[in-house]
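What follows is target_0.pdb (PDB, C-alpha atoms and all ligand atoms).
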ATOM      1  CA  MET A   1      -6.520   7.050 105.115
ATOM      2  CA  ASP A   2      -8.046   4.174 103.243
ATOM      3  CA  THR A   3      -5.460   3.116 100.700
ATOM      4  CA  SER A   4      -7.996   0.882  98.985
ATOM      5  CA  SER A   5      -9.611   3.988  97.558
ATOM      6  CA  PRO A   6      -8.434   4.115  93.946
ATOM      7  CA  SER A   7      -8.274   7.890  93.912
ATOM      8  CA  THR A   8      -6.477   8.543  97.198
ATOM      9  CA  GLY A   9      -3.083  10.055  96.619
ATOM     10  CA  GLU A  10      -3.643   9.956  92.887
ATOM     11  CA  GLU A  11      -5.054  12.748  90.836
ATOM     12  CA  VAL A  12      -8.808  12.897  91.070
ATOM     13  CA  GLY A  13     -10.379  12.666  87.634
ATOM     14  CA  GLY A  14      -9.292  11.224  84.316
ATOM     15  CA  GLY A  15      -9.598  11.310  80.551
ATOM     16  CA  ASP A  16      -8.436  13.778  77.907
ATOM     17  CA  ARG A  17     -10.869  16.571  78.591
ATOM     18  CA  ASP A  18      -9.824  20.177  79.108
ATOM     19  CA  VAL A  19      -8.525  20.545  82.661
ATOM     20  CA  VAL A  20      -9.420  23.967  84.068
ATOM     21  CA  VAL A  21      -8.288  23.436  87.661
ATOM     22  CA  LYS A  22      -5.336  21.297  88.489
ATOM     23  CA  CYS A  23      -3.503  20.934  91.765
ATOM     24  CA  ARG A  24      -0.610  18.710  92.609
ATOM     25  CA  ASN A  25       0.655  17.872  96.084
ATOM     26  CA  LEU A  26      -1.070  21.010  97.241
ATOM     27  CA  VAL A  27      -0.677  21.954 100.890
ATOM     28  CA  CYS A  28      -3.164  24.538 102.184
ATOM     29  CA  GLY A  29      -3.196  26.295 105.515
ATOM     30  CA  TYR A  30      -2.295  29.355 107.481
ATOM     31  CA  GLY A  31       1.237  30.368 108.458
ATOM     32  CA  ASP A  32       2.971  27.221 109.695
ATOM     33  CA  THR A  33      -0.237  25.250 110.083
ATOM     34  CA  ALA A  34      -1.208  22.922 107.268
ATOM     35  CA  ILE A  35      -4.932  22.189 107.118
ATOM     36  CA  LEU A  36      -4.864  20.074 103.939
ATOM     37  CA  GLU A  37      -1.930  18.095 102.599
ATOM     38  CA  ASP A  38      -1.062  16.422  99.356
ATOM     39  CA  ILE A  39      -4.205  17.449  97.495
ATOM     40  CA  ASN A  40      -4.279  16.270  93.875
ATOM     41  CA  ILE A  41      -7.346  17.280  91.932
ATOM     42  CA  ASP A  42      -8.178  17.728  88.245
ATOM     43  CA  ILE A  43     -11.394  19.527  87.387
ATOM     44  CA  TYR A  44     -12.655  19.413  83.805
ATOM     45  CA  ARG A  45     -14.372  22.081  81.790
ATOM     46  CA  GLY A  46     -18.130  21.990  82.146
ATOM     47  CA  GLU A  47     -18.412  19.728  85.151
ATOM     48  CA  ILE A  48     -19.899  20.482  88.526
ATOM     49  CA  VAL A  49     -17.738  19.174  91.328
ATOM     50  CA  THR A  50     -19.055  19.306  94.860
ATOM     51  CA  LEU A  51     -16.605  19.472  97.733
ATOM     52  CA  LEU A  52     -17.828  17.603 100.758
ATOM     53  CA  GLY A  53     -16.353  17.509 104.246
ATOM     54  CA  GLY A  54     -17.162  18.185 107.870
ATOM     55  CA  SER A  55     -17.096  21.581 109.489
ATOM     56  CA  GLY A  56     -13.498  22.761 109.727
ATOM     57  CA  SER A  57     -12.229  20.142 107.257
ATOM     58  CA  GLY A  58     -10.733  22.861 105.069
ATOM     59  CA  LYS A  59     -13.264  23.318 102.279
ATOM     60  CA  SER A  60     -13.202  27.120 102.420
ATOM     61  CA  THR A  61      -9.437  27.085 102.852
ATOM     62  CA  LEU A  62      -9.087  25.001  99.689
ATOM     63  CA  LEU A  63     -11.351  27.339  97.684
ATOM     64  CA  LYS A  64      -9.459  30.420  98.865
ATOM     65  CA  THR A  65      -6.156  28.811  97.952
ATOM     66  CA  LEU A  66      -7.437  27.757  94.520
ATOM     67  CA  VAL A  67      -8.571  31.253  93.612
ATOM     68  CA  GLY A  68      -5.318  32.805  94.776
ATOM     69  CA  LEU A  69      -6.556  34.561  97.909
ATOM     70  CA  LEU A  70      -4.453  32.410 100.220
ATOM     71  CA  PRO A  71      -0.887  31.365  99.414
ATOM     72  CA  PRO A  72      -0.308  27.604  99.235
ATOM     73  CA  LEU A  73       2.145  26.138 101.762
ATOM     74  CA  GLY A  74       3.360  23.682  99.147
ATOM     75  CA  GLY A  75       2.610  22.073  95.801
ATOM     76  CA  THR A  76       1.233  23.666  92.651
ATOM     77  CA  ILE A  77      -2.042  25.014  91.286
ATOM     78  CA  GLU A  78      -3.094  25.730  87.731
ATOM     79  CA  ILE A  79      -6.283  27.618  87.025
ATOM     80  CA  LEU A  80      -7.031  27.902  83.295
ATOM     81  CA  GLY A  81      -3.419  27.042  82.628
ATOM     82  CA  THR A  82      -1.761  29.553  84.961
ATOM     83  CA  ASP A  83      -0.656  29.520  88.578
ATOM     84  CA  PRO A  84      -2.689  32.254  90.311
ATOM     85  CA  HIS A  85       0.086  32.689  92.845
ATOM     86  CA  GLU A  86       2.696  33.492  90.234
ATOM     87  CA  LEU A  87       0.811  36.299  88.556
ATOM     88  CA  ASN A  88       1.351  39.989  89.032
ATOM     89  CA  GLU A  89      -1.558  42.074  90.223
ATOM     90  CA  HIS A  90      -2.784  42.919  86.728
ATOM     91  CA  GLU A  91      -2.628  39.307  85.524
ATOM     92  CA  HIS A  92      -4.304  38.088  88.687
ATOM     93  CA  SER A  93      -7.142  40.534  88.249
ATOM     94  CA  ARG A  94      -7.532  39.299  84.670
ATOM     95  CA  LEU A  95      -7.706  35.723  85.921
ATOM     96  CA  LEU A  96     -10.260  36.689  88.567
ATOM     97  CA  ARG A  97     -12.442  38.070  85.792
ATOM     98  CA  ARG A  98     -12.511  34.606  84.278
ATOM     99  CA  THR A  99     -13.600  33.086  87.581
ATOM    100  CA  GLY A 100     -16.673  33.956  89.586
ATOM    101  CA  MET A 101     -17.025  33.536  93.303
ATOM    102  CA  MET A 102     -19.972  33.083  95.573
ATOM    103  CA  PHE A 103     -18.653  33.150  99.096
ATOM    104  CA  GLN A 104     -20.487  31.811 102.095
ATOM    105  CA  HIS A 105     -20.871  35.204 103.707
ATOM    106  CA  GLY A 106     -20.308  37.202 100.540
ATOM    107  CA  ALA A 107     -23.533  39.124 100.777
ATOM    108  CA  LEU A 108     -24.779  41.721  98.342
ATOM    109  CA  PHE A 109     -24.111  45.366  99.060
ATOM    110  CA  GLY A 110     -27.104  46.296 101.180
ATOM    111  CA  SER A 111     -27.130  49.936 100.168
ATOM    112  CA  GLN A 112     -27.228  49.149  96.440
ATOM    113  CA  THR A 113     -30.136  47.907  94.360
ATOM    114  CA  VAL A 114     -30.177  44.503  92.701
ATOM    115  CA  TYR A 115     -29.296  46.222  89.436
ATOM    116  CA  GLU A 116     -26.343  48.103  90.939
ATOM    117  CA  ASN A 117     -25.049  44.966  92.635
ATOM    118  CA  ILE A 118     -25.149  42.907  89.445
ATOM    119  CA  SER A 119     -23.733  45.570  87.164
ATOM    120  CA  LEU A 120     -20.782  46.305  89.451
ATOM    121  CA  PRO A 121     -18.326  43.826  87.840
ATOM    122  CA  LEU A 122     -19.274  45.089  84.375
ATOM    123  CA  ARG A 123     -18.606  48.687  85.391
ATOM    124  CA  GLU A 124     -15.378  47.778  87.138
ATOM    125  CA  HIS A 125     -13.867  45.531  84.503
ATOM    126  CA  THR A 126     -15.386  46.471  81.139
ATOM    127  CA  ASP A 127     -16.461  49.476  79.122
ATOM    128  CA  VAL A 128     -19.807  47.982  78.146
ATOM    129  CA  PRO A 129     -22.225  50.902  77.634
ATOM    130  CA  GLU A 130     -25.008  51.381  80.154
ATOM    131  CA  PRO A 131     -27.926  50.413  77.846
ATOM    132  CA  VAL A 132     -26.197  47.101  77.113
ATOM    133  CA  ILE A 133     -25.534  46.544  80.828
ATOM    134  CA  GLU A 134     -29.232  47.128  81.443
ATOM    135  CA  GLU A 135     -30.136  44.557  78.818
ATOM    136  CA  MET A 136     -27.669  42.001  80.208
ATOM    137  CA  VAL A 137     -28.932  42.415  83.765
ATOM    138  CA  ARG A 138     -32.549  42.172  82.648
ATOM    139  CA  MET A 139     -31.854  39.024  80.662
ATOM    140  CA  LYS A 140     -29.945  37.283  83.437
ATOM    141  CA  LEU A 141     -32.613  38.151  86.012
ATOM    142  CA  ALA A 142     -35.295  36.689  83.753
ATOM    143  CA  LEU A 143     -33.230  33.547  83.380
ATOM    144  CA  VAL A 144     -33.347  32.835  87.123
ATOM    145  CA  GLY A 145     -36.988  33.812  87.558
ATOM    146  CA  LEU A 146     -36.369  37.283  88.971
ATOM    147  CA  ARG A 147     -37.732  39.409  86.171
ATOM    148  CA  GLY A 148     -38.541  42.933  87.251
ATOM    149  CA  LEU A 149     -36.623  42.965  90.522
ATOM    150  CA  GLU A 150     -33.870  45.311  89.245
ATOM    151  CA  HIS A 151     -34.755  48.194  91.489
ATOM    152  CA  ARG A 152     -35.396  46.311  94.705
ATOM    153  CA  MET A 153     -32.988  46.601  97.609
ATOM    154  CA  PRO A 154     -31.424  43.308  98.814
ATOM    155  CA  SER A 155     -33.397  43.647 102.067
ATOM    156  CA  ASP A 156     -36.635  43.637 100.079
ATOM    157  CA  ILE A 157     -36.188  40.246  98.415
ATOM    158  CA  SER A 158     -36.081  36.748  99.924
ATOM    159  CA  GLY A 159     -32.933  34.877 100.963
ATOM    160  CA  GLY A 160     -33.259  32.535  97.995
ATOM    161  CA  GLN A 161     -33.661  35.484  95.637
ATOM    162  CA  ARG A 162     -30.575  37.172  97.119
ATOM    163  CA  LYS A 163     -28.534  34.036  96.409
ATOM    164  CA  ARG A 164     -29.718  34.043  92.799
ATOM    165  CA  VAL A 165     -28.716  37.672  92.495
ATOM    166  CA  ALA A 166     -25.300  36.783  93.949
ATOM    167  CA  LEU A 167     -24.993  34.024  91.340
ATOM    168  CA  ILE A 168     -25.814  36.442  88.539
ATOM    169  CA  ARG A 169     -23.262  38.914  89.875
ATOM    170  CA  ALA A 170     -20.652  36.147  90.035
ATOM    171  CA  SER A 171     -21.420  35.093  86.463
ATOM    172  CA  ILE A 172     -22.114  38.400  84.727
ATOM    173  CA  LEU A 173     -18.670  38.456  83.069
ATOM    174  CA  ASP A 174     -19.268  34.935  81.684
ATOM    175  CA  PRO A 175     -16.531  33.312  83.733
ATOM    176  CA  ASP A 176     -15.099  29.922  82.840
ATOM    177  CA  ILE A 177     -15.307  28.745  86.429
ATOM    178  CA  ILE A 178     -17.594  29.528  89.344
ATOM    179  CA  PHE A 179     -16.426  28.796  92.877
ATOM    180  CA  ALA A 180     -19.308  28.666  95.340
ATOM    181  CA  ASP A 181     -18.878  28.190  99.072
ATOM    182  CA  GLU A 182     -22.055  26.718 100.564
ATOM    183  CA  PRO A 183     -24.304  28.752  98.279
ATOM    184  CA  SER A 184     -27.518  27.406  99.788
ATOM    185  CA  ALA A 185     -26.480  27.746 103.445
ATOM    186  CA  GLY A 186     -29.276  29.271 105.491
ATOM    187  CA  LEU A 187     -31.995  28.635 102.903
ATOM    188  CA  ASP A 188     -35.028  26.467 103.563
ATOM    189  CA  PRO A 189     -34.998  23.164 101.629
ATOM    190  CA  ILE A 190     -37.288  24.406  98.867
ATOM    191  CA  ALA A 191     -35.320  27.604  98.261
ATOM    192  CA  ALA A 192     -32.092  25.579  98.428
ATOM    193  CA  ALA A 193     -33.333  23.105  95.819
ATOM    194  CA  GLY A 194     -34.444  26.029  93.661
ATOM    195  CA  LEU A 195     -30.962  27.514  93.809
ATOM    196  CA  ASP A 196     -29.389  24.149  93.006
ATOM    197  CA  HIS A 197     -31.548  23.858  89.890
ATOM    198  CA  VAL A 198     -30.533  27.377  88.869
ATOM    199  CA  LEU A 199     -26.846  26.450  89.265
ATOM    200  CA  ARG A 200     -27.408  23.332  87.188
ATOM    201  CA  ARG A 201     -29.193  25.401  84.533
ATOM    202  CA  PHE A 202     -26.278  27.842  84.360
ATOM    203  CA  GLN A 203     -23.922  24.942  83.837
ATOM    204  CA  ASP A 204     -26.154  23.554  81.064
ATOM    205  CA  LEU A 205     -26.622  26.898  79.304
ATOM    206  CA  PHE A 206     -23.116  28.311  79.578
ATOM    207  CA  ASN A 207     -21.036  25.152  80.023
ATOM    208  CA  MET A 208     -19.660  26.728  83.166
ATOM    209  CA  THR A 209     -17.395  24.703  85.371
ATOM    210  CA  MET A 210     -18.489  24.872  88.986
ATOM    211  CA  ILE A 211     -16.807  23.940  92.217
ATOM    212  CA  VAL A 212     -19.445  23.967  94.895
ATOM    213  CA  VAL A 213     -18.968  23.363  98.610
ATOM    214  CA  THR A 214     -22.016  21.694 100.083
ATOM    215  CA  HIS A 215     -22.781  18.964 102.576
ATOM    216  CA  GLU A 216     -26.440  18.595 101.807
ATOM    217  CA  LEU A 217     -27.042  15.262 100.154
ATOM    218  CA  GLU A 218     -30.075  16.717  98.359
ATOM    219  CA  SER A 219     -27.859  19.392  96.794
ATOM    220  CA  ILE A 220     -25.198  16.901  95.879
ATOM    221  CA  GLU A 221     -27.775  14.723  94.130
ATOM    222  CA  ILE A 222     -29.023  17.649  92.042
ATOM    223  CA  LEU A 223     -25.648  19.192  91.326
ATOM    224  CA  ALA A 224     -22.728  16.851  91.395
ATOM    225  CA  ASP A 225     -21.183  15.329  88.328
ATOM    226  CA  ARG A 226     -18.458  14.366  90.761
ATOM    227  CA  VAL A 227     -17.944  14.600  94.509
ATOM    228  CA  VAL A 228     -14.582  15.208  96.158
ATOM    229  CA  MET A 229     -14.657  14.281  99.825
ATOM    230  CA  LEU A 230     -12.231  15.792 102.330
ATOM    231  CA  GLU A 231     -11.468  14.184 105.656
ATOM    232  CA  ASP A 232      -8.565  14.335 108.086
ATOM    233  CA  GLY A 233      -6.726  16.877 105.966
ATOM    234  CA  GLU A 234      -6.805  14.999 102.704
ATOM    235  CA  VAL A 235      -8.981  13.839  99.840
ATOM    236  CA  VAL A 236     -10.471  10.642 101.207
ATOM    237  CA  THR A 237     -12.289   9.707  98.013
ATOM    238  CA  SER A 238     -13.911  11.081  94.886
ATOM    239  CA  GLY A 239     -16.379   9.909  92.297
ATOM    240  CA  SER A 240     -19.939  10.218  91.070
ATOM    241  CA  VAL A 241     -22.796   9.906  93.548
ATOM    242  CA  ASP A 242     -23.483   6.396  92.222
ATOM    243  CA  GLU A 243     -19.860   5.408  92.682
ATOM    244  CA  LEU A 244     -19.738   6.775  96.217
ATOM    245  CA  ARG A 245     -22.949   4.937  97.131
ATOM    246  CA  ASP A 246     -20.977   1.766  96.427
ATOM    247  CA  SER A 247     -17.767   3.052  98.006
ATOM    248  CA  GLU A 248     -15.452   0.585  99.689
ATOM    249  CA  ILE A 249     -15.268   3.067 102.558
ATOM    250  CA  GLU A 250     -18.122   2.332 104.906
ATOM    251  CA  SER A 251     -18.543   5.856 106.234
ATOM    252  CA  VAL A 252     -18.807   7.225 102.690
ATOM    253  CA  ARG A 253     -21.279   4.542 101.676
ATOM    254  CA  ASN A 254     -23.413   5.277 104.731
ATOM    255  CA  PHE A 255     -23.468   8.984 104.061
ATOM    256  CA  PHE A 256     -24.710   8.419 100.531
ATOM    257  CA  HIS A 257     -27.347   5.965 101.733
ATOM    258  CA  ARG A 258     -28.509   8.454 104.395
ATOM    259  CA  ASN A 259     -27.554   5.843 106.947
ATOM    260  CA  ALA A 260     -26.749   8.343 109.649
ATOM    261  CA  PRO A 261     -26.590   6.194 112.810
ATOM    262  CA  ASP A 262     -24.065   3.786 111.310
ATOM    263  CA  TYR A 263     -22.206   6.671 109.875
ATOM    264  CA  LEU A 264     -21.982   8.283 113.291
ATOM    265  CA  GLU A 265     -20.981   5.084 115.072
ATOM    266  CA  SER A 266     -18.266   4.312 112.586
ATOM    267  CA  GLY A 267     -16.493   7.420 113.858
ATOM    268  CA  ARG A 268     -15.222   8.422 110.458
ATOM    269  CA  GLY A 269     -16.964  11.347 108.957
ATOM    270  CA  ALA A 270     -19.034  11.922 112.066
ATOM    271  CA  SER A 271     -18.261  15.585 111.674
ATOM    272  CA  VAL A 272     -20.020  15.638 108.320
ATOM    273  CA  TRP A 273     -23.160  14.369 109.946
ATOM    274  CA  THR A 274     -22.898  16.815 112.841
ATOM    275  CA  ASP A 275     -22.464  19.533 110.286
ATOM    276  CA  MET A 276     -25.573  18.500 108.421
ATOM    277  CA  GLN A 277     -27.588  18.830 111.600
ATOM    278  CA  SER A 278     -26.516  22.392 112.231
TER     279      SER A 278
HETATM  280  N1  LIG A 301      -7.724  32.781 108.865
HETATM  281  C1  LIG A 301      -7.429  31.643 109.496
HETATM  282  N2  LIG A 301      -6.303  31.520 110.238
HETATM  283  C2  LIG A 301      -6.004  30.363 110.861
HETATM  284  N3  LIG A 301      -6.764  29.250 110.799
HETATM  285  C3  LIG A 301      -7.884  29.307 110.089
HETATM  286  C4  LIG A 301      -8.294  30.496 109.396
HETATM  287  N4  LIG A 301      -9.462  30.252 108.746
HETATM  288  C5  LIG A 301      -9.769  28.976 109.035
HETATM  289  N5  LIG A 301      -8.837  28.407 109.826
HETATM  290  C6  LIG A 301      -8.836  27.028 110.321
HETATM  291  O1  LIG A 301      -8.695  26.152 109.215
HETATM  292  C7  LIG A 301      -9.485  24.982 109.405
HETATM  293  C8  LIG A 301     -10.350  24.779 108.188
HETATM  294  O2  LIG A 301     -11.280  25.851 108.114
HETATM  295  P1  LIG A 301     -12.248  26.036 106.888
HETATM  296  O3  LIG A 301     -11.476  25.939 105.633
HETATM  297  O4  LIG A 301     -13.010  27.287 107.134
HETATM  298  O5  LIG A 301     -13.189  24.749 107.040
HETATM  299  P2  LIG A 301     -14.584  24.433 106.350
HETATM  300  O6  LIG A 301     -14.837  25.461 105.301
HETATM  301  O7  LIG A 301     -14.417  23.054 105.810
HETATM  302  O8  LIG A 301     -15.598  24.457 107.444
HETATM  303  C9  LIG A 301     -10.246  25.174 110.709
HETATM  304  O9  LIG A 301      -9.575  24.469 111.709
HETATM  305  C10 LIG A 301     -10.173  26.658 110.948
HETATM  306  O10 LIG A 301     -10.178  26.934 112.317
HETATM  307 MG    MG A 302     -16.366  26.874 105.063
END

Once more with this new file: its structure as C-alpha cells, please.
Amino acid sequence: MDTSSPSTGEEVGGGDRDVVVKCRNLVCGYGDTAILEDINIDIYRGEIVTLLGGSGSGKSTLLKTLVGLLPPLGGTIEILGTDPHELNEHEHSRLLRRTGMMFQHGALFGSQTVYENISLPLREHTDVPEPVIEEMVRMKLALVGLRGLEHRMPSDISGGQRKRVALIRASILDPDIIFADEPSAGLDPIAAAGLDHVLRRFQDLFNMTMIVVTHELESIEILADRVVMLEDGEVVTSGSVDELRDSEIESVRNFFHRNAPDYLESGRGASVWTDMQS
C-alpha cells in the first residue's frame, strides 16, 4: 500500500454534496475469507464512479455487498441513508427498487420480447396501467436509439442492443443509483463506446448516480467523473482521470498513460493489464 496516496485509508471523495453510497471500514468476502478490507468510499448523487481493478480483485464482490446481496464481514454501508443489511425483506425490496443493477452475466430473459423484459420491473413493483407502460417502454427505447424493437426477441438484436435493453430495464423505475458490472464486456469497441455514451446520457438526463465496473481505459475516459482503483484487497487510489494520470503511484500513472510495458514490469497492477488483454 502506498501511504503517500492522499485517499488511501481515508474516505474517498469530499465536499458537502448528497452522499448516496457510503461505506466505512467495509470488509467484503465469503465466509471466513476477506477479499477486500477497510474500504472507505463516499459516492455523491449524480456522479459516475468507475471501479477499476484486475481480474479477481473483488470488484463484483464489492458491488454485491453494496447492494445487499452479500453480507459484509465487517464495517458499515449506507445506501440512500440506510444499511441494506439491516432491512427486513419488504424494506430491502423497496431499496432495490431505488437501485438498478446491470450484472455482468445478467442477461435478458431469452424467451421474452424486449418489451416484456423491460416492462417486468414495472409489472412486479408498480400498478402502472398497461398503456402507460407501453408509452414508457417506447420512450426509453427511442432514447437509446432502439425505436421499434419492442417485439423483437433478445436473440434477434445485437449484443450492443441487448446491453441497452438491459440498461433500460435496470432504469425503468427511475432508480437513484445504477450499479453496472462490466456492462460493455464482450462488445466490440464501437458498440462498447456506444453503450458508454448511452450511460453518460442517462446520467445527464436523469442525474442518475452510477457505479460502473470497467477496466477499459476508453470507457473510463468517456464515463468516469471519478475512478476508484482496487488492488491487493484495498482501495489503492481514487480521483479523476486527470488526477490519476499524474498519480504519485507509478503503476497507476502508467495505466492512465497507456504505458503498458512499464506497467507490467513494475509488477503492481500487472493483473489489470492482463485483464485488459483478455
Ligand atoms: N461465491 C464465491 N465464494 C468464494 N469466493 C468467491 C466467490 N465469488 C468470488 N470469489 C472470489 O473472490 C475474489 C474476487 O472475485 P470477484 O469479486 O469476482 O473479482 P472481480 O469482479 O474483480 O474479477 C476471487 O478470488 C474469487 O475467486
Ligand atoms: Mg467481476

Using only C-alpha atoms and all ligand atoms, which residues of chain A come within 10 Å of ligand LIG 301 (chain A), and what is the closest atom pair for each, with the distance in Å to one decimal? Give it as JSON lines, sorted by chain and residue number.
{"residue": "A:Cys28", "atom": "CA", "partner": "A:LIG301", "partner_atom": "O1", "distance": 9.1}
{"residue": "A:Gly29", "atom": "CA", "partner": "A:LIG301", "partner_atom": "O1", "distance": 6.6}
{"residue": "A:Tyr30", "atom": "CA", "partner": "A:LIG301", "partner_atom": "C2", "distance": 5.1}
{"residue": "A:Gly31", "atom": "CA", "partner": "A:LIG301", "partner_atom": "C2", "distance": 7.6}
{"residue": "A:Asp32", "atom": "CA", "partner": "A:LIG301", "partner_atom": "C2", "distance": 9.6}
{"residue": "A:Thr33", "atom": "CA", "partner": "A:LIG301", "partner_atom": "N3", "distance": 7.7}
{"residue": "A:Ala34", "atom": "CA", "partner": "A:LIG301", "partner_atom": "O1", "distance": 8.4}
{"residue": "A:Ile35", "atom": "CA", "partner": "A:LIG301", "partner_atom": "C7", "distance": 5.8}
{"residue": "A:Leu36", "atom": "CA", "partner": "A:LIG301", "partner_atom": "C8", "distance": 8.4}
{"residue": "A:Leu51", "atom": "CA", "partner": "A:LIG301", "partner_atom": "O7", "distance": 9.1}
{"residue": "A:Leu52", "atom": "CA", "partner": "A:LIG301", "partner_atom": "O7", "distance": 8.2}
{"residue": "A:Gly53", "atom": "CA", "partner": "A:LIG301", "partner_atom": "O7", "distance": 6.1}
{"residue": "A:Gly54", "atom": "CA", "partner": "A:LIG301", "partner_atom": "O7", "distance": 6.0}
{"residue": "A:Ser55", "atom": "CA", "partner": "A:LIG301", "partner_atom": "O8", "distance": 3.8}
{"residue": "A:Gly56", "atom": "CA", "partner": "A:LIG301", "partner_atom": "O5", "distance": 3.4}
{"residue": "A:Ser57", "atom": "CA", "partner": "A:LIG301", "partner_atom": "O7", "distance": 3.9}
{"residue": "A:Gly58", "atom": "CA", "partner": "A:LIG301", "partner_atom": "O3", "distance": 3.2}
{"residue": "A:Lys59", "atom": "CA", "partner": "A:LIG301", "partner_atom": "O7", "distance": 3.7}
{"residue": "A:Ser60", "atom": "CA", "partner": "A:LIG301", "partner_atom": "O6", "distance": 3.7}
{"residue": "A:Thr61", "atom": "CA", "partner": "A:LIG301", "partner_atom": "O3", "distance": 3.6}
{"residue": "A:Leu62", "atom": "CA", "partner": "A:LIG301", "partner_atom": "O3", "distance": 6.5}
{"residue": "A:Leu63", "atom": "CA", "partner": "A:LIG301", "partner_atom": "O3", "distance": 8.1}
{"residue": "A:Lys64", "atom": "CA", "partner": "A:LIG301", "partner_atom": "O3", "distance": 8.4}
{"residue": "A:Thr65", "atom": "CA", "partner": "A:LIG301", "partner_atom": "O3", "distance": 9.8}
{"residue": "A:Leu70", "atom": "CA", "partner": "A:LIG301", "partner_atom": "N1", "distance": 9.3}
{"residue": "A:Gln104", "atom": "CA", "partner": "A:LIG301", "partner_atom": "O6", "distance": 9.1}
{"residue": "A:Asp181", "atom": "CA", "partner": "A:LIG301", "partner_atom": "O6", "distance": 7.9}
{"residue": "A:Glu182", "atom": "CA", "partner": "A:LIG301", "partner_atom": "O6", "distance": 8.7}
{"residue": "A:Val213", "atom": "CA", "partner": "A:LIG301", "partner_atom": "O6", "distance": 8.1}
{"residue": "A:Thr214", "atom": "CA", "partner": "A:LIG301", "partner_atom": "O7", "distance": 9.6}
{"residue": "A:His215", "atom": "CA", "partner": "A:LIG301", "partner_atom": "O7", "distance": 9.9}
{"residue": "A:Leu230", "atom": "CA", "partner": "A:LIG301", "partner_atom": "O7", "distance": 8.3}
{"residue": "A:Glu231", "atom": "CA", "partner": "A:LIG301", "partner_atom": "O7", "distance": 9.3}
{"residue": "A:Gly233", "atom": "CA", "partner": "A:LIG301", "partner_atom": "C8", "distance": 9.0}
{"residue": "A:Val272", "atom": "CA", "partner": "A:LIG301", "partner_atom": "O7", "distance": 9.6}
{"residue": "A:Asp275", "atom": "CA", "partner": "A:LIG301", "partner_atom": "O8", "distance": 8.9}

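Coordinates place CA of Leu217 in chain A at a distance of 17.1 Å from CA of Ile249 in chain A.
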
**Prompt:** Which of these residues is nearest to ligand MG 302 (chain A), using only C-alpha atoms and all ligand atoms: A:Leu108, A:Ala185, A:Val49, A:Ala193?
**Reply:** A:Ala185

**Message:** I need the output of the PyMOL selection byres (((chain A and resi 115) around 10) and not hetatm) for this file as a ChimeraX atom specification; which residues are they?
**Reply:** /A:112-114,116-120,133-134,137-138,141,149-153,165,169

**Request:** Can you give me, as an MDAnalysis selection string, the residues this file yields under the PyMOL selection byres (((chain A and resi 125) around 12) and not hetatm)?
**Result:** chainID A and resid 90 93:98 119:124 126:128 172:173

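Distance check against Met101 in chain A using all atoms listed in the file: of A:Ile220, A:Met208, A:Ile157, A:Ala180, the minimum falls on A:Ala180.
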
**Message:** Using the chain letters and numbers from this file, what does the PyMOL selection byres (((chain A and resi 164) around 10) and not hetatm) select? Give the answer as a PyMOL selection string.
**Reply:** chain A and resi 140-141+144-146+158-163+165-170+183-184+194-196+198-199
